[in-house]
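S.K.: First, the structure itself, so that you have it in front of you.
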Amino acid sequence: MTAQEVRLCGLLLQEHFGDVVEKVGTHLIRSGVLTLRALAHETKLPLDLVKKSLCVLMQHGMCAFGAGRRGPAGPVEYQIICERILHMLRYPRYIYTAKSLYGDTGELIVEEILQRGQMTMSSTVKTVADRLTHNMPEGQSMDYSEVVSAFSRLVETHFLQRCPPLASAESSSSGEVNTPLPAVTKHTEPEDHPECYKLPYINLTGQGKRRRSSEDGEAEQRAAKKAKTDNSERGDEGIYWQVNFQRFHLHFRDQAIINAVSCKLDQTSGEIVRTMLRMSEVTTSAHAAFTQALSANEIFRALPSSYNIARPILDQYLTLLVDDPMEFVGKTGDSGGGMYVVNLHRALANLARATLESVVQERFGSRSARIFRLLLRKRHLEQKQVEDFAMVPAKEAKDMLYTLLSENLVQLQEIPKTPDYAPSRTFYLYTVNQLPTARLLLQRCYKTVGNLIERRLYETKENKRLLEKSQRIEAILASLQATGAEAEQLTEVEEMITAPERQQLESLRHHINKLDSSENQVDETIFLLESYINSTQAPR
């Protein structure tokens, strides 16, 4: 765990859960594995607050627990899962993907589960139906069966999965945590559970209820109390569901490959690759280097009829994809008109390479990017060869190479002719090692995202009073509109914010939107680099 990752994890925990959880989580990241008593002693926080912080982290799958060094008879030890904390950076992308695939209902289901970490199916369906009903015109309501259908589709496509069952031996070995929360244990993965994607039968019929604005606070309390009494009657008590982040990441990876193929060749090639990925998305394992082999006949039958691609045209496109230097698609046999696979690891390597080239071009200019691409292609070159191949004057090439070398984007390798390493009898070769360079750039991306979050928090804190005033006025306006107030009353309330304040508010929102957009763009780069690095570590 690098310093930039620790800093980013702390900022994400602080933004989502507050200062106490951030302090507990950051201390666990730095310390590794700790018992409850040791954690409370070292953080100097009350034991009750530490318990609640750990419950929050475990509820969101960000903390694992298990038997400690003394075995089952000893105290339970806790360990943070940094990868799950960093996933919070991608929450808007998960929600947007669910919306684009399954509409508003799918969006709200994923949003509710992300907000609460883990939820039962019946509780999710009821909450989402109520929210959708509240946003519908008067007289309309959302039926529970429609939300159940969207939830089922998310489970069938593995975007949602059951939480792994608790290991009773570990949870009962210590009485330090009294509240039994569903949590991720140290050695259990959801896919290890045979009923990971099995939907329970729930006894839930009816429609969502509209919530009145004047009763919001009381309604939430009553709903919480009623949920505790009614949960046992719905048939899915104890069965909690969570978001399958890995499945979303596979979807993001597939979309990146499709977009790359569409930009490199054309839209039809991208749609052929999309069809191949869709056919093998459930049968291909997460760390596989290739998709399942598909015959040309199978691909032709699976293509949507709206594309209107004839079989000879499909064969030409497949040949074009196989012969392309990017090697996104490979041919493994000739049966069934030819067997084809998508080379996932090669595709990720090419996407990471394009990202590195883009970063060099944006920071150091097109000539430096030309030298960088040349070194990636030729592997090892002397300075004179770089000048000749890149067609750059000697002085400029020397300056650019030294700049890239100082930024650790280019490495210098010494090959001596004699053991004394005399400069006159030594070859100095410039090279680019893609994997270490990708790791370096990944750390810089973590730093950039941390800076963006800090800036956004600072802007919000500096204008806290103005934002609170704006929210109060918006709430008053919404309440008046719901009760059918006259236009004069609404205008009078709107004028409570002066013209300079409104201008300052617009400027603030514009800056925060730009920071949010920048965070999302940097996160796309982080995802590509992380996927590439993980693919190099996966077993071949």
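Residues in the structure tokens are numbered from 1 in each chain, the chains being A, B, ... in the order shown, and ligands are numbered from 1 in the order shown.
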Running DSSP on the backbone, which parts of segment 109-163 of chain A land in strand (DSSP E or B), as a list in words?
M.R.: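 Filtering segment 109-163 of chain A to strand (DSSP E or B) leaves Met119, Thr120, Asp143, Leu160, Gln161 and Arg162 of chain A.
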S.K.: Keeping only N, CA, C and O atoms, write the selected residues as a tab-separated table (two decimals), in the first residue's frame.
M.R.:
chain	number	residue	atom	x	y	z
A	119	MET	N	-28.27	-5.25	1.58
A	119	MET	CA	-29.71	-5.15	1.83
A	119	MET	C	-30.38	-6.45	1.45
A	119	MET	O	-29.89	-7.18	0.57
A	120	THR	N	-31.52	-6.74	2.08
A	120	THR	CA	-32.32	-7.88	1.65
A	120	THR	C	-33.09	-7.47	0.39
A	120	THR	O	-33.30	-6.28	0.13
A	143	ASP	N	-45.52	-0.66	-9.14
A	143	ASP	CA	-45.86	-1.98	-8.60
A	143	ASP	C	-44.60	-2.70	-8.15
A	143	ASP	O	-43.55	-2.60	-8.80
A	160	LEU	N	-25.58	-8.23	-9.33
A	160	LEU	CA	-25.83	-8.35	-7.90
A	160	LEU	C	-25.57	-9.79	-7.48
A	160	LEU	O	-25.79	-10.72	-8.27
A	161	GLN	N	-25.12	-9.98	-6.25
A	161	GLN	CA	-24.85	-11.32	-5.74
A	161	GLN	C	-25.14	-11.38	-4.25
A	161	GLN	O	-25.14	-10.35	-3.56
A	162	ARG	N	-25.39	-12.60	-3.78
A	162	ARG	CA	-25.61	-12.78	-2.35
A	162	ARG	C	-24.31	-12.55	-1.58
A	162	ARG	O	-23.22	-12.86	-2.07
S.K.: Any idea what's packed within 8 Å of Leu515 of chain A, counting only C-alpha atoms, ignoring anything in its chain fewer than 2 positions away? Could you give it as a list in words?
M.R.: Leu452, Ile453, Arg456, His511, Ile512, Asn513, Ser517, Ser518 and Glu519 of chain A
S.K.: Restricting the output to C-alpha atoms, write the selected residues as a tab-separated table (two decimals), in the first residue's frame.
M.R.:
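That gives us again36.tsv:
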chain	number	residue	atom	x	y	z
A	452	LEU	CA	-9.32	16.88	-6.73
A	453	ILE	CA	-11.26	15.51	-3.75
A	456	ARG	CA	-13.82	19.90	-3.79
A	511	HIS	CA	-16.37	24.54	-10.31
A	512	ILE	CA	-17.66	21.50	-8.40
A	513	ASN	CA	-19.10	20.00	-11.61
A	517	SER	CA	-16.01	15.44	-14.17
A	518	SER	CA	-12.22	15.46	-13.76
A	519	GLU	CA	-12.47	12.79	-11.04
S.K.: Rank A:Leu505, A:Ala289, A:Ile415, A:Cys445 by their smallest atom-to-atom distance to Ser535 of chain A, using only C-alpha atoms, and report the top residue only.
M.R.: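 The shortest atom-to-atom distance to Ser535 of chain A comes from A:Ala289.
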S.K.: Using only C-alpha atoms, pick whichever of A:Val243, A:Leu404, A:Met391, A:Leu348 has the shortest atom-to-atom distance to Gln361 of chain A.
M.R.: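 The answer is A:Leu404, which sits nearest to Gln361 of chain A.
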S.K.: State, in Å with one decimal place, the distance from atom CA of Arg373 of chain A to atom CA of Val410 of chain A.
M.R.: 11.0 Å
S.K.: May I have the residues within 8 Å of segment 338-344 of chain A as a list of chain:residue names, using only C-alpha atoms and disregarding those fewer than 2 positions away in the same chain?
M.R.: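 Here the qualifying residues turn out to be A:Val273, A:Met276, A:Leu277, A:Ala288, A:Ala289, A:Phe290, A:Thr291, A:Gln292, A:Ala293, A:Leu294, A:Ser295, A:Ala296, A:Glu327, A:Phe328, A:Val329, A:Gly330, A:Lys331, A:Thr332, A:Gly333, A:Asp334, A:Ser335, A:Gly336, A:Arg346, A:Ala347, A:Leu348.
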S.K.: Store the residues of this selection in a file with C-alpha atoms, as a PDB file, in the first residue's frame.
M.R.:
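Contents of out10.pdb, as written:
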ATOM      1  CA  VAL A 273     -16.569  -7.639 -31.089  1.00  0.00           C
ATOM      2  CA  MET A 276     -18.457 -11.930 -29.264  1.00  0.00           C
ATOM      3  CA  LEU A 277     -18.010 -10.468 -25.788  1.00  0.00           C
ATOM      4  CA  ALA A 288      -9.015 -15.392 -18.409  1.00  0.00           C
ATOM      5  CA  ALA A 289      -6.579 -14.255 -21.095  1.00  0.00           C
ATOM      6  CA  PHE A 290      -9.031 -15.136 -23.890  1.00  0.00           C
ATOM      7  CA  THR A 291     -12.785 -15.421 -24.241  1.00  0.00           C
ATOM      8  CA  GLN A 292     -14.374 -18.770 -25.064  1.00  0.00           C
ATOM      9  CA  ALA A 293     -13.740 -19.787 -28.680  1.00  0.00           C
ATOM     10  CA  LEU A 294     -16.726 -19.010 -30.938  1.00  0.00           C
ATOM     11  CA  SER A 295     -17.309 -20.221 -34.473  1.00  0.00           C
ATOM     12  CA  ALA A 296     -18.103 -17.810 -37.304  1.00  0.00           C
ATOM     13  CA  GLU A 327      -4.442  -8.313 -32.199  1.00  0.00           C
ATOM     14  CA  PHE A 328      -7.709  -7.779 -30.342  1.00  0.00           C
ATOM     15  CA  VAL A 329      -9.195 -10.849 -32.065  1.00  0.00           C
ATOM     16  CA  GLY A 330      -7.370 -14.133 -32.687  1.00  0.00           C
ATOM     17  CA  LYS A 331      -8.157 -17.252 -34.727  1.00  0.00           C
ATOM     18  CA  THR A 332      -7.763 -20.624 -32.977  1.00  0.00           C
ATOM     19  CA  GLY A 333      -9.176 -23.108 -35.497  1.00  0.00           C
ATOM     20  CA  ASP A 334     -11.004 -23.666 -38.788  1.00  0.00           C
ATOM     21  CA  SER A 335     -14.071 -25.666 -37.706  1.00  0.00           C
ATOM     22  CA  GLY A 336     -17.517 -24.068 -38.059  1.00  0.00           C
ATOM     23  CA  ARG A 346      -3.417  -8.183 -25.300  1.00  0.00           C
ATOM     24  CA  ALA A 347      -6.281  -5.713 -25.629  1.00  0.00           C
ATOM     25  CA  LEU A 348      -5.646  -4.369 -22.114  1.00  0.00           C
TER      26      LEU A 348
END
S.K.: Determine, counting only C-alpha atoms, which protein, DNA and RNA residues have an atom within 9 Å of an atom of Val360 of chain A; residues of the same chain fewer than 6 positions away are not included. Present the result as a PyMOL selection string.
M.R.: chain A and resi 366+368-369+372+404+409
S.K.: Mind writing the picked residues with C-alpha atoms as a compact mmCIF listing (two decimals), in the first residue's frame?
M.R.:
# COMPACT_ATOMS: atom_id res chain seq x y z
CA SER A 366 4.06 15.49 -29.91
CA SER A 368 8.38 13.53 -27.14
CA ALA A 369 5.40 11.25 -27.78
CA PHE A 372 8.26 7.43 -26.62
CA LEU A 404 11.57 11.67 -20.04
CA LEU A 409 9.08 7.40 -18.17
S.K.: Give me the residues within 8 Å of segment 527-534 of chain A as an MDAnalysis selection string, counting only C-alpha atoms and dropping any in the same chain fewer than 5 places off.
M.R.: chainID A and resid 253 345 348:349 351:352 435 438:439 442
